[in-house]
file model.cif (mmCIF, C-alpha atoms)
data_upload
loop_
_atom_site.label_atom_id
_atom_site.label_comp_id
_atom_site.auth_asym_id
_atom_site.auth_seq_id
_atom_site.Cartn_x
_atom_site.Cartn_y
_atom_site.Cartn_z
CA MET R 1 161.09 135.35 37.46
CA ALA R 2 157.30 135.25 37.33
CA LEU R 3 155.27 134.92 40.48
CA ASN R 4 152.60 132.24 40.57
CA PRO R 5 149.27 134.11 40.46
CA PHE R 6 147.54 130.90 41.59
CA PRO R 7 149.31 129.75 44.75
CA LEU R 8 148.29 126.47 46.32
CA PRO R 9 145.34 126.90 48.69
CA ALA R 10 145.78 126.78 52.42
CA ILE R 11 144.65 123.33 53.50
CA GLU R 12 142.11 123.32 56.28
CA PRO R 13 142.66 120.94 59.18
CA GLY R 14 141.04 117.62 58.34
CA ALA R 15 141.14 118.26 54.59
CA GLY R 16 143.00 115.66 52.62
CA PHE R 17 143.20 113.94 49.27
CA ALA R 18 140.03 113.22 47.32
CA CYS R 19 139.19 111.28 44.18
CA TRP R 20 135.93 111.08 42.20
CA SER R 21 134.88 109.37 38.98
CA GLU R 22 131.81 109.53 36.78
CA SER R 23 131.00 108.57 33.21
CA ILE R 24 129.26 110.51 30.47
CA GLU R 25 127.38 108.29 28.02
CA LEU R 26 126.20 109.57 24.66
CA VAL R 27 125.35 108.45 21.14
CA THR R 28 127.18 110.08 18.26
CA THR R 29 125.48 110.83 14.94
CA THR R 30 128.22 111.14 12.31
CA ALA R 31 131.98 111.37 11.81
CA PRO R 32 133.85 113.47 12.25
CA GLU R 33 131.64 114.97 14.95
CA PHE R 34 132.69 117.34 17.74
CA ILE R 35 130.54 116.82 20.85
CA ASP R 36 130.94 119.53 23.48
CA LEU R 37 131.22 117.86 26.91
CA THR R 38 132.21 120.99 28.85
CA ASP R 39 128.93 121.61 30.68
CA GLN R 40 128.62 117.95 31.68
CA VAL R 41 132.23 117.86 32.91
CA GLU R 42 131.65 121.07 34.90
CA SER R 43 128.60 119.45 36.54
CA ILE R 44 130.72 116.46 37.51
CA ILE R 45 133.39 118.78 38.96
CA ALA R 46 130.68 120.52 41.01
CA ARG R 47 129.66 117.14 42.51
CA SER R 48 133.27 116.11 43.05
CA PRO R 49 134.85 116.54 46.50
CA VAL R 50 138.00 117.99 44.87
CA ALA R 51 138.69 121.69 45.50
CA ASP R 52 142.08 121.98 43.81
CA GLY R 53 143.66 119.32 41.63
CA LEU R 54 143.19 117.77 38.22
CA ALA R 55 140.36 116.47 36.08
CA ILE R 56 141.08 113.83 33.47
CA VAL R 57 138.57 113.34 30.67
CA PHE R 58 139.20 109.99 28.98
CA SER R 59 137.62 108.31 25.94
CA ARG R 60 137.10 104.56 26.42
CA HIS R 61 137.38 104.04 22.66
CA THR R 62 140.15 103.73 20.06
CA THR R 63 138.15 105.60 17.42
CA ALA R 64 136.92 108.55 19.50
CA ALA R 65 139.23 111.23 20.89
CA ILE R 66 139.13 113.90 23.58
CA THR R 67 140.49 117.36 22.78
CA LEU R 68 140.28 121.01 23.84
CA ASN R 69 139.42 123.73 21.36
CA GLU R 70 137.09 126.60 20.58
CA LEU R 71 133.36 126.13 19.98
CA GLU R 72 132.97 128.18 16.81
CA PRO R 73 130.93 126.66 13.96
CA LEU R 74 133.26 127.61 11.08
CA LEU R 75 136.30 126.41 13.02
CA LEU R 76 134.56 123.07 13.68
CA GLU R 77 134.00 122.74 9.90
CA ASP R 78 137.67 123.59 9.27
CA MET R 79 138.80 121.01 11.83
CA ALA R 80 136.55 118.32 10.33
CA GLU R 81 137.98 119.04 6.86
CA PHE R 82 141.51 118.96 8.28
CA LEU R 83 140.89 115.53 9.84
CA ASP R 84 139.56 114.25 6.51
CA ARG R 85 142.74 115.47 4.78
CA LEU R 86 145.00 114.10 7.51
CA ALA R 87 143.66 110.52 7.30
CA PRO R 88 141.33 110.14 4.28
CA ARG R 89 138.60 107.55 4.76
CA ALA R 90 139.17 106.23 1.19
CA HIS R 91 142.89 105.51 1.73
CA ALA R 92 143.93 101.83 1.55
CA TYR R 93 144.52 100.94 5.23
CA ARG R 94 145.74 97.39 5.94
CA HIS R 95 143.45 97.39 8.97
CA ASN R 96 140.51 97.57 6.53
CA ASP R 97 141.55 94.50 4.50
CA PHE R 98 139.21 91.94 6.04
CA ASP R 99 140.50 89.19 3.72
CA VAL R 100 143.91 89.41 5.42
CA ARG R 101 143.23 90.80 8.89
CA THR R 102 142.50 88.17 11.55
CA VAL R 103 142.90 90.04 14.87
CA ASN R 104 140.19 91.87 16.85
CA MET R 105 137.49 91.17 14.29
CA THR R 106 133.84 91.51 15.33
CA PRO R 107 130.68 90.52 13.41
CA ASP R 108 129.88 94.20 12.78
CA GLU R 109 133.48 95.22 11.94
CA SER R 110 133.75 98.36 9.83
CA PRO R 111 136.62 99.67 7.71
CA ASN R 112 137.88 102.29 10.15
CA GLY R 113 141.66 102.45 9.80
CA HIS R 114 141.37 106.21 9.26
CA ALA R 115 139.62 106.63 12.63
CA HIS R 116 142.34 104.74 14.52
CA CYS R 117 145.05 106.85 12.85
CA LEU R 118 143.24 110.08 13.77
CA GLN R 119 142.77 109.00 17.39
CA LEU R 120 146.51 108.29 17.50
CA VAL R 121 147.14 111.96 16.65
CA LEU R 122 144.37 113.52 18.78
CA GLY R 123 144.69 111.29 21.85
CA ALA R 124 142.37 109.56 24.25
CA SER R 125 142.39 112.09 27.10
CA GLN R 126 142.91 115.62 28.32
CA THR R 127 143.98 116.80 31.77
CA ILE R 128 142.49 120.07 33.03
CA PRO R 129 143.42 121.85 36.28
CA ILE R 130 140.76 122.35 38.93
CA ARG R 131 141.01 125.58 40.94
CA ASP R 132 138.59 126.42 43.73
CA GLY R 133 136.27 123.61 42.61
CA ARG R 134 136.06 124.80 38.97
CA LEU R 135 137.74 123.85 35.71
CA ALA R 136 140.58 126.25 34.89
CA LEU R 137 139.86 126.42 31.17
CA GLY R 138 140.89 129.36 29.00
CA GLN R 139 138.29 131.85 27.76
CA TYR R 140 137.46 129.96 24.56
CA GLN R 141 138.45 126.44 25.54
CA ARG R 142 135.80 123.72 25.46
CA ILE R 143 136.15 119.97 26.01
CA PHE R 144 135.20 117.87 22.99
CA MET R 145 134.74 114.19 22.34
CA VAL R 146 135.53 113.74 18.65
CA GLU R 147 133.76 110.88 16.91
CA LEU R 148 136.11 109.60 14.22
CA ASP R 149 134.34 106.44 12.98
CA HIS R 150 130.54 106.38 12.73
CA SER R 151 127.39 106.81 14.82
CA ARG R 152 127.47 104.64 17.94
CA PRO R 153 127.22 104.72 21.76
CA ARG R 154 130.26 106.29 23.43
CA GLU R 155 131.54 106.81 26.96
CA ALA R 156 133.88 109.38 28.43
CA VAL R 157 135.23 108.85 31.96
CA VAL R 158 135.83 111.95 34.07
CA GLN R 159 138.11 111.43 37.05
CA THR R 160 139.14 114.12 39.52
CA PHE R 161 141.78 114.01 42.22
CA GLY R 162 143.47 116.52 44.47
CA VAL R 163 142.97 118.48 47.66
CA ALA R 164 139.53 117.84 49.14
CA ARG R 165 136.99 120.59 49.70
CA ALA R 166 136.17 121.57 53.23
CA SER R 167 133.76 119.01 54.64
CA ARG R 168 130.30 119.18 53.16
CA PRO R 169 127.32 116.87 53.23
CA THR R 170 127.27 114.05 50.70
CA PRO R 171 124.51 114.54 48.06
CA VAL R 172 121.63 112.09 48.34
CA GLY R 173 122.23 108.99 46.24
CA LEU R 174 125.99 109.55 45.93
CA ARG R 175 128.81 108.24 48.07
CA ARG R 176 132.08 109.97 48.79
CA ASN R 177 135.41 109.19 47.21
CA GLY R 178 134.97 107.56 43.86
CA ALA R 179 131.33 106.56 43.70
CA ARG R 180 130.59 105.57 40.11
CA THR R 181 127.52 107.27 38.74
CA ARG R 182 126.50 107.96 35.20
CA ALA R 183 125.45 111.21 33.58
CA ARG R 184 123.28 110.14 30.67
CA GLU R 185 123.01 112.02 27.38
CA VAL R 186 121.38 109.54 25.05
#

call {"tool": "encode", "arguments": {"input": "model.cif", "output": "structure tokens"}}
result
Amino acid sequence: MALNPFPLPAIEPGAGFACWSESIELVTTTAPEFIDLTDQVESIIARSPVADGLAIVFSRHTTAAITLNELEPLLLEDMAEFLDRLAPRAHAYRHNDFDVRTVNMTPDESPNGHAHCLQLVLGASQTIPIRDGRLALGQYQRIFMVELDHSRPREAVVQTFGVARASRPTPVGLRRNGARTRAREV
């Protein structure tokens, strides 16, 4: 039986549950593209009132994913090539047949069946533990938004919840418990 090296913190009197949410907005440049969000997410965690709990990083898009992996240039190239092999852009996807498809069509619709299939595999979100007000990522883990379609504006929502920090003053311009602010990276 293994002992838990990270026991739950002692909760100070008056401490309770806290929740916080912010968005990261960015513009992608190509696909596939791995955009490292780790530093921005860590900044959000630092502003969050959560001491110990969970952070969810969620893509608001069906053709952009959130994943954890290593930031190493050759590995990023390998992963991009793997995604291209997994769902080739040139494959005949029914979603791309605009003569037949009639649902969810927009004036600027693009043939992106491959991107939807890749997002299905990669997923829309990742959940990361928060310990002592910091992300509990592994040594080489980074948080990536993966653009799977083409250059466009994107948004990732970061939501934290868990045991609240000991009382501290609210930063100027922000409200406690779920104030929606935006970290811009455009």

call {"tool": "atom_distance", "arguments": {"input": "model.cif", "atom1": "CA of Ile143 in chain R", "atom2": "CA of Cys117 in chain R"}}
result
20.6 Å

call {"tool": "atom_distance", "arguments": {"input": "model.cif", "atom1": "CA of Arg47 in chain R", "atom2": "CA of Ile66 in chain R"}}
result
21.4 Å

call {"tool": "resolve_selection", "arguments": {"input": "model.cif", "expression": "the PyMOL selection byres ((chain R and resi 126) around 6)", "output": "number ranges by chain"}}
result
R: 56-57, 125, 127

call {"tool": "atom_distance", "arguments": {"input": "model.cif", "atom1": "CA of Thr30 in chain R", "atom2": "CA of Leu137 in chain R"}}
result
26.9 Å

call {"tool": "resolve_selection", "arguments": {"input": "model.cif", "expression": "the PyMOL selection byres ((chain R and resi 100-113) around 10)", "output": "ChimeraX atom specification"}}
result
/R:63,87-99,114-118,148-150

call {"tool": "residues_around", "arguments": {"input": "model.cif", "residues": "Arg134 in chain R", "least_positions_apart": "5", "cutoff": "8 Å", "atoms": "only C-alpha atoms", "output": "list in words"}}
result
Glu42, Ile45, Ala46 and Ala51 of chain R

call {"tool": "closest_residue", "arguments": {"input": "model.cif", "among": "R:Ala80, R:Ala64, R:Leu120, R:Ile128", "to": "Val158 in chain R", "atoms": "all atoms listed in the file"}}
result
R:Ile128

call {"tool": "axis_aligned_box", "arguments": {"input": "model.cif", "around": "range 97-110 of chain R", "padding_each_side": "8 Å", "output": "lines of an AutoDock Vina configuration file"}}
result
center_x = 136.9
center_y = 93.3
center_z = 10.3
size_x = 30.0
size_y = 26.2
size_z = 29.1

call {"tool": "resolve_selection", "arguments": {"input": "model.cif", "expression": "the PyMOL selection byres ((chain R and resi 146) around 7)", "output": "compact mmCIF listing (two decimals) with C-alpha atoms, in the coordinates of the input"}}
result
# COMPACT_ATOMS: atom_id res chain seq x y z
CA PRO R 32 133.85 113.47 12.25
CA GLU R 33 131.64 114.97 14.95
CA PHE R 34 132.69 117.34 17.74
CA ILE R 35 130.54 116.82 20.85
CA ALA R 64 136.92 108.55 19.50
CA ALA R 65 139.23 111.23 20.89
CA ILE R 66 139.13 113.90 23.58
CA PHE R 144 135.20 117.87 22.99
CA MET R 145 134.74 114.19 22.34
CA GLU R 147 133.76 110.88 16.91
CA LEU R 148 136.11 109.60 14.22

call {"tool": "closest_residue", "arguments": {"input": "model.cif", "among": "R:Val157, R:Ala136, R:Ile130, R:Ala164", "to": "Leu54 in chain R", "atoms": "all atoms listed in the file"}}
result
R:Ile130
